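Colleague: One file: data.txt (compact mmCIF, C-alpha atoms).
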```
# COMPACT_ATOMS: atom_id res chain seq x y z
CA MET A 1 94.61 181.82 108.10
CA GLU A 2 98.04 182.31 109.63
CA THR A 3 100.86 181.23 107.31
CA LEU A 4 104.27 179.77 108.08
CA PRO A 5 107.13 182.16 107.26
CA ASP A 6 110.06 180.90 105.20
CA MET A 7 108.71 177.36 104.95
CA ALA A 8 108.51 176.99 101.19
CA GLU A 9 108.57 173.20 101.39
CA PHE A 10 105.19 173.05 103.17
CA GLU A 11 101.67 174.23 102.42
CA VAL A 12 99.62 175.13 105.48
CA LEU A 13 96.22 173.41 105.35
CA SER A 14 94.73 174.48 108.67
CA CYS A 15 95.55 175.54 112.22
CA LEU A 16 94.98 172.67 114.64
CA GLY A 17 95.60 174.39 117.97
CA TYR A 18 97.81 176.37 120.28
CA GLY A 19 100.12 175.70 123.21
CA ALA A 20 102.72 177.54 125.25
CA ARG A 21 104.65 179.56 122.63
CA SER A 22 103.54 177.07 120.00
CA THR A 23 101.04 176.64 117.20
CA ILE A 24 100.22 173.32 115.52
CA TYR A 25 99.24 173.18 111.86
CA ALA A 26 98.15 170.56 109.39
CA VAL A 27 100.57 170.84 106.48
CA SER A 28 101.30 169.18 103.19
CA GLU A 29 104.88 168.57 102.13
CA LYS A 30 105.04 169.94 98.59
CA ARG A 31 107.71 167.51 97.40
CA THR A 32 105.87 164.34 98.43
CA GLY A 33 102.27 165.41 99.06
CA GLN A 34 102.49 163.76 102.49
CA ILE A 35 100.26 165.28 105.18
CA TYR A 36 101.75 165.99 108.61
CA ALA A 37 101.15 167.91 111.80
CA LEU A 38 103.71 170.69 112.25
CA LYS A 39 104.39 172.28 115.62
CA ARG A 40 105.95 175.74 115.42
CA VAL A 41 107.62 176.95 118.62
CA THR A 42 108.73 180.58 118.80
CA ARG A 43 111.21 182.35 121.06
CA ARG A 44 110.27 185.87 122.16
CA SER A 45 112.70 186.17 125.08
CA SER A 46 115.12 184.09 127.12
CA ASP A 47 112.14 182.97 129.23
CA ASP A 48 111.00 180.94 126.25
CA ASP A 49 114.18 178.88 126.00
CA ARG A 50 112.52 176.13 128.03
CA PHE A 51 109.83 175.71 125.36
CA LEU A 52 112.51 175.27 122.69
CA GLU A 53 114.23 172.75 124.93
CA GLN A 54 110.99 170.83 125.38
CA ALA A 55 110.46 170.69 121.62
CA GLU A 56 113.96 169.29 121.17
CA GLN A 57 113.32 166.78 123.95
CA GLU A 58 110.04 165.77 122.33
CA PHE A 59 111.80 165.12 119.03
CA ALA A 60 114.67 163.19 120.63
CA ILE A 61 112.20 160.81 122.27
CA SER A 62 109.25 160.61 119.87
CA SER A 63 111.42 160.13 116.79
CA GLN A 64 112.16 156.66 118.22
CA PHE A 65 108.52 155.58 118.37
CA ASP A 66 107.11 152.73 116.34
CA HIS A 67 103.76 152.15 118.03
CA PRO A 68 100.31 153.09 116.67
CA VAL A 69 99.26 154.85 119.89
CA LEU A 70 102.36 157.06 120.20
CA ARG A 71 102.62 160.10 117.92
CA LYS A 72 105.92 159.89 116.08
CA SER A 73 108.07 162.88 115.14
CA HIS A 74 109.89 162.83 111.80
CA ARG A 75 111.99 166.01 111.54
CA LEU A 76 113.18 168.90 113.66
CA ILE A 77 113.84 172.13 111.76
CA LYS A 78 115.61 175.07 113.42
CA ARG A 79 115.51 178.72 112.38
CA ARG A 80 118.18 181.07 113.75
CA LYS A 81 118.42 184.82 114.18
CA LEU A 82 121.74 186.36 115.25
CA LEU A 83 123.11 182.86 115.81
CA LYS A 84 120.34 182.05 118.32
CA VAL A 85 117.49 179.64 117.62
CA SER A 86 114.39 181.79 117.20
CA GLU A 87 111.95 179.12 115.99
CA LEU A 88 111.65 175.35 115.95
CA TYR A 89 109.45 173.29 113.64
CA LEU A 90 108.57 169.76 114.72
CA LEU A 91 107.14 167.58 111.95
CA MET A 92 104.86 164.88 113.37
CA ASP A 93 102.23 162.32 112.45
CA LEU A 94 98.86 163.91 111.75
CA PHE A 95 95.98 162.31 113.62
CA ASP A 96 92.38 163.38 113.02
CA GLY A 97 90.99 163.08 116.52
CA THR A 98 89.50 164.97 119.43
CA SER A 99 91.02 165.11 122.91
CA LEU A 100 89.27 163.56 125.90
CA ASP A 101 89.06 166.91 127.68
CA ILE A 102 86.70 168.09 124.93
CA HIS A 103 84.74 164.91 124.32
CA ARG A 104 84.36 161.79 126.42
CA PRO A 105 82.38 158.80 125.17
CA SER A 106 79.14 158.22 127.05
CA SER A 107 79.71 154.46 127.13
CA LEU A 108 81.98 153.09 129.83
CA ALA A 109 82.93 150.16 127.58
CA THR A 110 84.09 152.59 124.89
CA LEU A 111 86.03 154.63 127.44
CA LEU A 112 87.79 151.51 128.70
CA ARG A 113 88.70 150.49 125.15
CA ILE A 114 90.34 153.89 124.84
CA PHE A 115 92.27 153.49 128.07
CA THR A 116 93.48 149.99 127.22
CA GLN A 117 95.07 151.56 124.15
CA VAL A 118 96.61 154.33 126.25
CA ALA A 119 98.03 151.73 128.64
CA SER A 120 99.46 149.78 125.70
CA GLY A 121 101.13 152.91 124.31
CA LEU A 122 102.62 153.84 127.67
CA ALA A 123 103.90 150.29 128.14
CA ALA A 124 105.68 150.56 124.78
CA MET A 125 107.18 153.89 125.81
CA HIS A 126 108.40 152.40 129.09
CA ARG A 127 110.05 149.55 127.22
CA LEU A 128 112.03 152.17 125.29
CA GLY A 129 113.19 153.58 128.62
CA TYR A 130 111.04 156.73 128.81
CA VAL A 131 108.24 158.19 130.93
CA HIS A 132 105.57 160.45 129.40
CA ALA A 133 105.18 162.43 132.68
CA ASP A 134 102.12 164.43 131.59
CA ILE A 135 99.26 162.06 130.81
CA LYS A 136 95.96 163.97 131.05
CA PRO A 137 92.74 164.17 129.03
CA ASN A 138 93.94 166.72 126.49
CA ASN A 139 97.04 164.64 125.68
CA ILE A 140 94.86 161.73 124.56
CA LEU A 141 93.31 162.04 121.10
CA VAL A 142 90.51 159.74 119.92
CA ASN A 143 89.08 159.51 116.41
CA ASP A 144 85.62 158.44 115.22
CA LYS A 145 86.76 154.80 115.06
CA THR A 146 87.91 154.92 118.69
CA ALA A 147 91.58 154.72 117.70
CA VAL A 148 93.85 156.56 120.14
CA LYS A 149 96.97 158.70 119.87
CA ILE A 150 99.03 159.90 122.84
CA ILE A 151 100.59 163.30 122.15
CA ASP A 152 102.86 165.96 123.66
CA PHE A 153 106.17 164.51 124.80
CA GLY A 154 107.75 167.82 125.78
CA GLN A 155 107.93 166.81 129.44
CA SER A 156 108.90 163.21 128.76
CA CYS A 157 112.21 161.96 130.11
CA ALA A 158 114.33 158.89 130.67
CA ILE A 159 113.20 156.52 133.39
CA GLY A 160 114.96 157.49 136.61
CA ALA A 161 115.50 161.12 135.61
CA ILE A 162 115.26 163.78 138.32
CA LYS A 163 114.02 167.10 136.99
CA THR A 164 115.44 170.43 138.07
CA ARG A 165 111.98 172.05 138.29
CA ILE A 166 108.44 170.90 138.92
CA GLN A 167 106.71 169.88 135.70
CA GLY A 168 103.23 168.48 135.21
CA THR A 169 99.58 169.47 135.24
CA PRO A 170 98.28 170.38 138.71
CA ASP A 171 95.10 168.24 138.76
CA TYR A 172 96.92 165.13 137.49
CA ILE A 173 100.43 165.54 138.90
CA ALA A 174 102.03 162.75 140.91
CA PRO A 175 103.55 163.41 144.35
CA GLU A 176 107.05 162.53 143.15
CA GLN A 177 106.75 165.13 140.40
CA VAL A 178 106.05 167.80 143.00
CA GLY A 179 108.84 166.50 145.23
CA ARG A 180 111.22 166.28 142.25
CA GLY A 181 111.89 162.62 142.81
CA PRO A 182 112.87 160.08 140.14
CA MET A 183 110.46 159.77 137.21
CA THR A 184 109.46 156.13 136.73
CA PRO A 185 106.65 154.16 135.05
CA ALA A 186 104.79 154.54 138.36
CA THR A 187 104.58 158.28 137.61
CA ASP A 188 102.68 157.54 134.41
CA VAL A 189 100.49 155.08 136.34
CA PHE A 190 99.49 157.91 138.71
CA ASN A 191 98.80 160.39 135.88
CA PHE A 192 96.85 157.66 134.06
CA GLY A 193 94.78 156.87 137.15
CA ALA A 194 94.07 160.55 137.83
CA THR A 195 92.94 160.96 134.22
CA LEU A 196 90.65 157.94 134.37
CA TYR A 197 89.29 159.17 137.72
CA TRP A 198 88.20 162.44 136.13
CA CYS A 199 86.71 160.64 133.15
CA VAL A 200 84.38 158.50 135.28
CA THR A 201 83.58 160.93 138.12
CA ASP A 202 83.84 164.39 136.55
CA ARG A 203 86.05 165.35 139.50
CA HIS A 204 89.78 165.77 139.94
CA ILE A 205 91.66 163.94 142.61
CA PRO A 206 93.26 166.19 145.25
CA THR A 207 96.97 166.63 144.52
CA LEU A 208 99.85 168.47 146.15
CA ILE A 209 99.38 171.47 143.85
CA PRO A 210 95.77 171.50 142.63
CA LYS A 211 94.84 174.18 140.14
CA GLN A 212 91.66 175.08 141.98
CA ARG A 213 92.48 177.34 144.91
CA ASN A 214 89.64 176.08 147.09
CA VAL A 215 91.04 172.54 147.10
CA ILE A 216 93.28 171.59 150.03
CA PRO A 217 96.46 169.72 148.97
CA THR A 218 96.65 166.19 150.31
CA LEU A 219 99.50 163.95 151.35
CA ASP A 220 97.25 160.92 151.90
CA SER A 221 95.58 158.82 149.22
CA ARG A 222 92.91 157.89 151.78
CA THR A 223 91.37 161.35 151.41
CA ILE A 224 90.39 160.56 147.81
CA ILE A 225 86.73 159.58 147.42
CA GLN A 226 86.45 156.22 145.70
CA PRO A 227 85.07 156.46 142.14
CA HIS A 228 82.18 154.04 142.71
CA ILE A 229 80.93 156.22 145.56
CA LEU A 230 80.79 159.26 143.30
CA ASN A 231 79.41 157.21 140.41
CA PRO A 232 77.64 153.99 141.55
CA ARG A 233 77.55 152.71 137.97
CA ILE A 234 81.32 152.18 138.02
CA PRO A 235 82.22 148.49 138.58
CA ALA A 236 84.05 147.79 141.83
CA PRO A 237 87.13 146.27 140.09
CA LEU A 238 87.59 149.47 138.08
CA SER A 239 87.13 151.65 141.16
CA ARG A 240 89.79 149.64 143.02
CA LEU A 241 92.21 149.85 140.12
CA ILE A 242 91.88 153.62 139.88
CA MET A 243 92.45 154.00 143.61
CA GLU A 244 95.55 151.83 143.46
CA CYS A 245 96.93 153.87 140.54
CA VAL A 246 96.68 157.13 142.51
CA GLN A 247 98.36 155.90 145.68
CA PHE A 248 100.74 158.48 147.16
CA GLN A 249 103.65 156.04 147.39
CA PRO A 250 104.87 154.88 143.95
CA SER A 251 105.62 151.42 145.35
CA HIS A 252 101.95 150.99 146.29
CA ARG A 253 100.75 151.45 142.71
CA PRO A 254 100.52 148.68 140.07
CA LYS A 255 104.11 148.03 139.08
CA ASP A 256 103.65 148.46 135.34
CA MET A 257 101.14 149.30 132.63
CA GLY A 258 100.86 145.65 131.66
CA ILE A 259 99.22 144.92 135.01
CA VAL A 260 97.02 147.98 134.64
CA ASN A 261 95.94 146.84 131.19
CA SER A 262 95.04 143.32 132.28
CA ARG A 263 92.84 144.71 135.04
CA LEU A 264 91.25 147.16 132.63
CA GLU A 265 90.35 144.20 130.44
CA LEU A 266 88.45 142.68 133.37
CA ALA A 267 86.55 145.95 133.93
CA LEU A 268 85.88 146.13 130.19
CA ALA A 269 84.35 142.64 130.21
CA ILE A 270 82.00 143.74 132.99
CA ALA A 271 81.09 146.93 131.13
CA GLN A 272 80.46 145.03 127.89
CA ALA A 273 78.19 142.58 129.69
CA ALA A 274 76.24 145.53 131.08
CA ASP A 275 75.78 146.84 127.55
CA GLN A 276 73.60 143.84 126.76
CA PRO A 277 69.85 144.59 126.52
CA ALA A 278 69.11 142.02 129.23
CA ALA A 279 71.02 144.03 131.84
CA PRO A 280 68.71 145.70 134.38
CA VAL A 281 68.46 149.43 133.81
CA ASN A 282 69.42 150.33 137.37
CA THR A 283 72.68 148.38 137.19
CA SER A 284 73.77 149.27 133.66
CA VAL A 285 77.12 150.96 133.23
CA ALA A 286 76.59 151.55 129.53
CA SER A 287 76.15 155.28 130.05
CA ALA A 288 78.15 155.76 133.22
CA ILE A 289 80.22 158.68 132.01
CA PRO A 290 79.29 162.23 133.07
CA ASP A 291 79.03 164.79 130.29
CA SER A 292 81.29 167.83 130.75
CA SER A 293 84.67 169.20 129.74
CA ASP A 294 87.93 169.56 131.66
CA ASP A 295 89.04 173.12 132.42
CA SER A 296 92.36 172.28 134.07
CA ALA A 297 94.64 171.67 131.12
CA ASP A 298 97.26 174.23 132.13
CA GLU A 299 100.60 172.64 132.89
CA LEU A 300 103.68 173.62 134.85
CA ALA A 301 106.38 174.03 132.26
```
For the file at hand, write its structure as structure tokens.
Modeller:
Amino acid sequence: METLPDMAEFEVLSCLGYGARSTIYAVSEKRTGQIYALKRVTRRSSDDDRFLEQAEQEFAISSQFDHPVLRKSHRLIKRRKLLKVSELYLLMDLFDGTSLDIHRPSSLATLLRIFTQVASGLAAMHRLGYVHADIKPNNILVNDKTAVKIIDFGQSCAIGAIKTRIQGTPDYIAPEQVGRGPMTPATDVFNFGATLYWCVTDRHIPTLIPKQRNVIPTLDSRTIIQPHILNPRIPAPLSRLIMECVQFQPSHRPKDMGIVNSRLELALAIAQAADQPAAPVNTSVASAIPDSSDDSADELA
């Protein structure tokens, strides 16, 4: 197992995963015995400065969190070489869960319970004045009790911020992210809707910069196939909500995550009713979720 250099205060328990210039470990703080997740970001050249900047941005924002769905950061540790930062260590809450890109629940009701939690977490983040700006399946962790944790705030920013470069994940990116317009809660609504679309249809919506080369970029939300057409077991209210979330114009989307959540609750009630044994087999949405994994996790950093 890879060890952490010059980090005498922590014991590495396991490697949890990898990202751009980063590795995440489960660690134990020797002084307290507390278990954390520790993200190590390394600088190999000046091209990697943006990854260090994102780690600092993640800490600046996520250290303010006090919500069960948002992963909180506790400390930012810098290591320097020749007066330049060569490594950053971000100490975060440890959450024993699996991301939605690896495992989706087969039950629509369970999936909607997950997304109501995601919507609640994003609403809390918006109240603090920030946008996540990269909601996608592999940034949503779920444990065996269906508790949820939103992770990866390296691209997060203040509401109204205009970024100097395009950031996001191609198959979930909002039009205003590509056009470098203001980041607002509506941006998260789009990313959220695109993520839910994939979860219930096993397809990605067409975006302005899709990862798949054989997909033609679209400037019109009307070119998106409605979820209930691709998956007839999806309730109409849920299909309409998803389509409204991925509207090209931010002003045409639900205005906040509170509205999204209330409409998800309606879809959840329908899905729970369909879970009852008395529901006809051909109309049940209990197992409406396709079984596959997402291969488009790469982001534009």
Colleague: Please compute the atom CA of Arg165 of chain A-atom CA of Lys84 of chain A distance, one decimal, in Å.
Modeller: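 Atom CA of Lys84 of chain A lies at a distance of 23.8 Å from atom CA of Arg165 of chain A.
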Colleague: Can you work out which one of A:Ile114, A:Ala236, A:Cys199, A:Leu208 has the shortest atom-to-atom distance to Lys145 of chain A, counting all atoms listed in the file?
Modeller: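 Going through A:Ile114, A:Ala236, A:Cys199, A:Leu208 one by one, the smallest distance to Lys145 of chain A is for A:Ile114.
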Colleague: Find the residues near Ser22 of chain A: any atom within 9 Å, counting only C-alpha atoms, skip ones fewer than 6 places away on the same chain, and give them as a PyMOL selection string.
Modeller: chain A and resi 39-42+51
Colleague: Calculated over all atoms listed in the file, which of the candidates A:Gly33, A:Pro237, A:Pro206, A:Pro254 has the smallest distance to Leu13 of chain A?
Modeller: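 Smallest separation from Leu13 of chain A among the options: A:Gly33.
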Colleague: Report, in Å with one decimal, the straight-line distance from atom CA of Val189 of chain A to atom CA of Pro175 of chain A.
Modeller: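 Separation between atom CA of Val189 of chain A and atom CA of Pro175 of chain A: 12.0 Å.
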Colleague: Would you compute the distance between atom CA of Asn139 of chain A and atom CA of Asp152 of chain A? Give it in Å to one decimal.
Modeller: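 Between these atoms lies a distance of 6.3 Å.
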Colleague: With only C-alpha atoms as the atoms that count, which of A:Ile24, A:Ala37, A:Ile205, A:Val131 lies nearest to Arg71 of chain A?
Modeller: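 Under the stated criterion, the closest residue is A:Ala37.
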Colleague: Point out the residue among A:Leu38, A:Ala133, A:Val178, A:Ala60 with the least atom-to-atom distance to Ala26 of chain A, counting only C-alpha atoms.
Modeller: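 Using only C-alpha atoms, Ala26 of chain A sits closest to A:Leu38.
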Colleague: Which is closer to Met125 of chain A than all the others in A:Thr164, A:Asn138, A:Ser99, A:Ser62, using all atoms listed in the file?
Modeller: A:Ser62
Colleague: Please enclose the listed atoms of segment 95-98 of chain A in an axis-aligned box, pad each side by 8 Å, and write out the centre and the three edge lengths in Å, rounded to one decimal, as JSON.
Modeller:
```
{"center_x": 92.7, "center_y": 163.6, "center_z": 116.2, "size_x": 22.5, "size_y": 18.7, "size_z": 22.4}
```
Colleague: Could you check which of A:Leu70, A:Ile159, A:Val148, A:Leu268 is closest to Asp93 of chain A, using all atoms listed in the file?
Modeller: A:Leu70
Colleague: Asp188 of chain A: which residues within 9 Å, counting all atoms listed in the file, same-chain residues fewer than 6 positions away excluded, as a ChimeraX atom specification?
Modeller: /A:122,131-135,174,257
Colleague: Take the point (115.2, 162.6, 142.6) as written in the file and pick out every residue within 8 Å of it, counting only C-alpha atoms; give the list as a PDB file with C-alpha atoms, keeping the file's coordinate frame.
Modeller:
```
ATOM      1  CA  GLY A 160     114.960 157.490 136.610  1.00  0.00           C
ATOM      2  CA  ALA A 161     115.500 161.120 135.610  1.00  0.00           C
ATOM      3  CA  ILE A 162     115.260 163.780 138.320  1.00  0.00           C
ATOM      4  CA  LYS A 163     114.020 167.100 136.990  1.00  0.00           C
ATOM      5  CA  GLY A 179     108.840 166.500 145.230  1.00  0.00           C
ATOM      6  CA  ARG A 180     111.220 166.280 142.250  1.00  0.00           C
ATOM      7  CA  GLY A 181     111.890 162.620 142.810  1.00  0.00           C
ATOM      8  CA  PRO A 182     112.870 160.080 140.140  1.00  0.00           C
ATOM      9  CA  MET A 183     110.460 159.770 137.210  1.00  0.00           C
TER      10      MET A 183
END
```
Colleague: Show me, as a VMD selection string, the residues that have an atom within 6 Å of segment 238-251 of chain A when counting only C-alpha atoms, minus same-chain residues fewer than 5 positions from it.
Modeller: chain A and resid 186 189 to 190 193 221 227 to 228 267
Colleague: Could segment 247-275 of chain A be completed with N, CA and C atoms and written as a PDB file, in the frame of the given file, please?
Modeller:
```
ATOM      1  N   GLN A 247      97.754 155.970 144.353  1.00  0.00           N
ATOM      2  CA  GLN A 247      98.360 155.900 145.680  1.00  0.00           C
ATOM      3  C   GLN A 247      99.524 156.876 145.789  1.00  0.00           C
ATOM      4  N   PHE A 248      99.684 157.478 146.953  1.00  0.00           N
ATOM      5  CA  PHE A 248     100.740 158.480 147.160  1.00  0.00           C
ATOM      6  C   PHE A 248     102.119 157.874 146.958  1.00  0.00           C
ATOM      7  N   GLN A 249     102.343 156.687 147.513  1.00  0.00           N
ATOM      8  CA  GLN A 249     103.650 156.040 147.390  1.00  0.00           C
ATOM      9  C   GLN A 249     103.739 155.289 146.060  1.00  0.00           C
ATOM     10  N   PRO A 250     104.743 155.588 145.231  1.00  0.00           N
ATOM     11  CA  PRO A 250     104.870 154.880 143.950  1.00  0.00           C
ATOM     12  C   PRO A 250     104.910 153.364 144.089  1.00  0.00           C
ATOM     13  N   SER A 251     105.503 152.862 145.160  1.00  0.00           N
ATOM     14  CA  SER A 251     105.620 151.420 145.350  1.00  0.00           C
ATOM     15  C   SER A 251     104.284 150.755 145.639  1.00  0.00           C
ATOM     16  N   HIS A 252     103.270 151.541 145.986  1.00  0.00           N
ATOM     17  CA  HIS A 252     101.950 150.990 146.290  1.00  0.00           C
ATOM     18  C   HIS A 252     101.054 150.942 145.048  1.00  0.00           C
ATOM     19  N   ARG A 253     101.530 151.467 143.940  1.00  0.00           N
ATOM     20  CA  ARG A 253     100.750 151.450 142.710  1.00  0.00           C
ATOM     21  C   ARG A 253     101.043 150.158 141.924  1.00  0.00           C
ATOM     22  N   PRO A 254     100.168 149.809 140.951  1.00  0.00           N
ATOM     23  CA  PRO A 254     100.520 148.680 140.070  1.00  0.00           C
ATOM     24  C   PRO A 254     101.903 148.898 139.473  1.00  0.00           C
ATOM     25  N   LYS A 255     102.696 147.842 139.400  1.00  0.00           N
ATOM     26  CA  LYS A 255     104.110 148.030 139.080  1.00  0.00           C
ATOM     27  C   LYS A 255     104.372 148.379 137.632  1.00  0.00           C
ATOM     28  N   ASP A 256     103.434 148.077 136.743  1.00  0.00           N
ATOM     29  CA  ASP A 256     103.650 148.460 135.340  1.00  0.00           C
ATOM     30  C   ASP A 256     102.315 148.546 134.618  1.00  0.00           C
ATOM     31  N   MET A 257     102.363 149.101 133.396  1.00  0.00           N
ATOM     32  CA  MET A 257     101.140 149.300 132.630  1.00  0.00           C
ATOM     33  C   MET A 257     100.565 147.996 132.103  1.00  0.00           C
ATOM     34  N   GLY A 258     101.377 146.958 132.048  1.00  0.00           N
ATOM     35  CA  GLY A 258     100.860 145.650 131.660  1.00  0.00           C
ATOM     36  C   GLY A 258      99.841 145.144 132.669  1.00  0.00           C
ATOM     37  N   ILE A 259     100.160 145.314 133.956  1.00  0.00           N
ATOM     38  CA  ILE A 259      99.220 144.920 135.010  1.00  0.00           C
ATOM     39  C   ILE A 259      97.975 145.784 134.953  1.00  0.00           C
ATOM     40  N   VAL A 260      98.170 147.070 134.759  1.00  0.00           N
ATOM     41  CA  VAL A 260      97.020 147.980 134.640  1.00  0.00           C
ATOM     42  C   VAL A 260      96.126 147.538 133.494  1.00  0.00           C
ATOM     43  N   ASN A 261      96.724 147.204 132.370  1.00  0.00           N
ATOM     44  CA  ASN A 261      95.940 146.840 131.190  1.00  0.00           C
ATOM     45  C   ASN A 261      95.152 145.561 131.404  1.00  0.00           C
ATOM     46  N   SER A 262      95.759 144.581 132.054  1.00  0.00           N
ATOM     47  CA  SER A 262      95.040 143.320 132.280  1.00  0.00           C
ATOM     48  C   SER A 262      93.845 143.531 133.186  1.00  0.00           C
ATOM     49  N   ARG A 263      93.970 144.427 134.151  1.00  0.00           N
ATOM     50  CA  ARG A 263      92.840 144.710 135.040  1.00  0.00           C
ATOM     51  C   ARG A 263      91.788 145.578 134.353  1.00  0.00           C
ATOM     52  N   LEU A 264      92.219 146.422 133.435  1.00  0.00           N
ATOM     53  CA  LEU A 264      91.250 147.160 132.630  1.00  0.00           C
ATOM     54  C   LEU A 264      90.428 146.211 131.771  1.00  0.00           C
ATOM     55  N   GLU A 265      91.068 145.184 131.258  1.00  0.00           N
ATOM     56  CA  GLU A 265      90.350 144.200 130.440  1.00  0.00           C
ATOM     57  C   GLU A 265      89.244 143.535 131.240  1.00  0.00           C
ATOM     58  N   LEU A 266      89.481 143.262 132.507  1.00  0.00           N
ATOM     59  CA  LEU A 266      88.450 142.680 133.370  1.00  0.00           C
ATOM     60  C   LEU A 266      87.286 143.663 133.524  1.00  0.00           C
ATOM     61  N   ALA A 267      87.606 144.932 133.801  1.00  0.00           N
ATOM     62  CA  ALA A 267      86.550 145.950 133.930  1.00  0.00           C
ATOM     63  C   ALA A 267      85.804 146.109 132.615  1.00  0.00           C
ATOM     64  N   LEU A 268      86.516 146.006 131.492  1.00  0.00           N
ATOM     65  CA  LEU A 268      85.880 146.130 130.190  1.00  0.00           C
ATOM     66  C   LEU A 268      84.899 144.989 129.951  1.00  0.00           C
ATOM     67  N   ALA A 269      85.260 143.777 130.362  1.00  0.00           N
ATOM     68  CA  ALA A 269      84.350 142.640 130.210  1.00  0.00           C
ATOM     69  C   ALA A 269      83.062 142.868 130.985  1.00  0.00           C
ATOM     70  N   ILE A 270      83.186 143.448 132.188  1.00  0.00           N
ATOM     71  CA  ILE A 270      82.000 143.740 132.990  1.00  0.00           C
ATOM     72  C   ILE A 270      81.148 144.812 132.310  1.00  0.00           C
ATOM     73  N   ALA A 271      81.822 145.847 131.795  1.00  0.00           N
ATOM     74  CA  ALA A 271      81.090 146.930 131.130  1.00  0.00           C
ATOM     75  C   ALA A 271      80.400 146.439 129.868  1.00  0.00           C
ATOM     76  N   GLN A 272      81.069 145.554 129.105  1.00  0.00           N
ATOM     77  CA  GLN A 272      80.460 145.030 127.890  1.00  0.00           C
ATOM     78  C   GLN A 272      79.253 144.162 128.209  1.00  0.00           C
ATOM     79  N   ALA A 273      79.338 143.393 129.289  1.00  0.00           N
ATOM     80  CA  ALA A 273      78.190 142.580 129.690  1.00  0.00           C
ATOM     81  C   ALA A 273      77.015 143.469 130.059  1.00  0.00           C
ATOM     82  N   ALA A 274      77.308 144.612 130.690  1.00  0.00           N
ATOM     83  CA  ALA A 274      76.240 145.530 131.080  1.00  0.00           C
ATOM     84  C   ALA A 274      75.618 146.230 129.894  1.00  0.00           C
ATOM     85  N   ASP A 275      76.329 146.233 128.762  1.00  0.00           N
ATOM     86  CA  ASP A 275      75.780 146.840 127.550  1.00  0.00           C
ATOM     87  C   ASP A 275      74.688 145.980 126.916  1.00  0.00           C
TER      88      ASP A 275
END
```
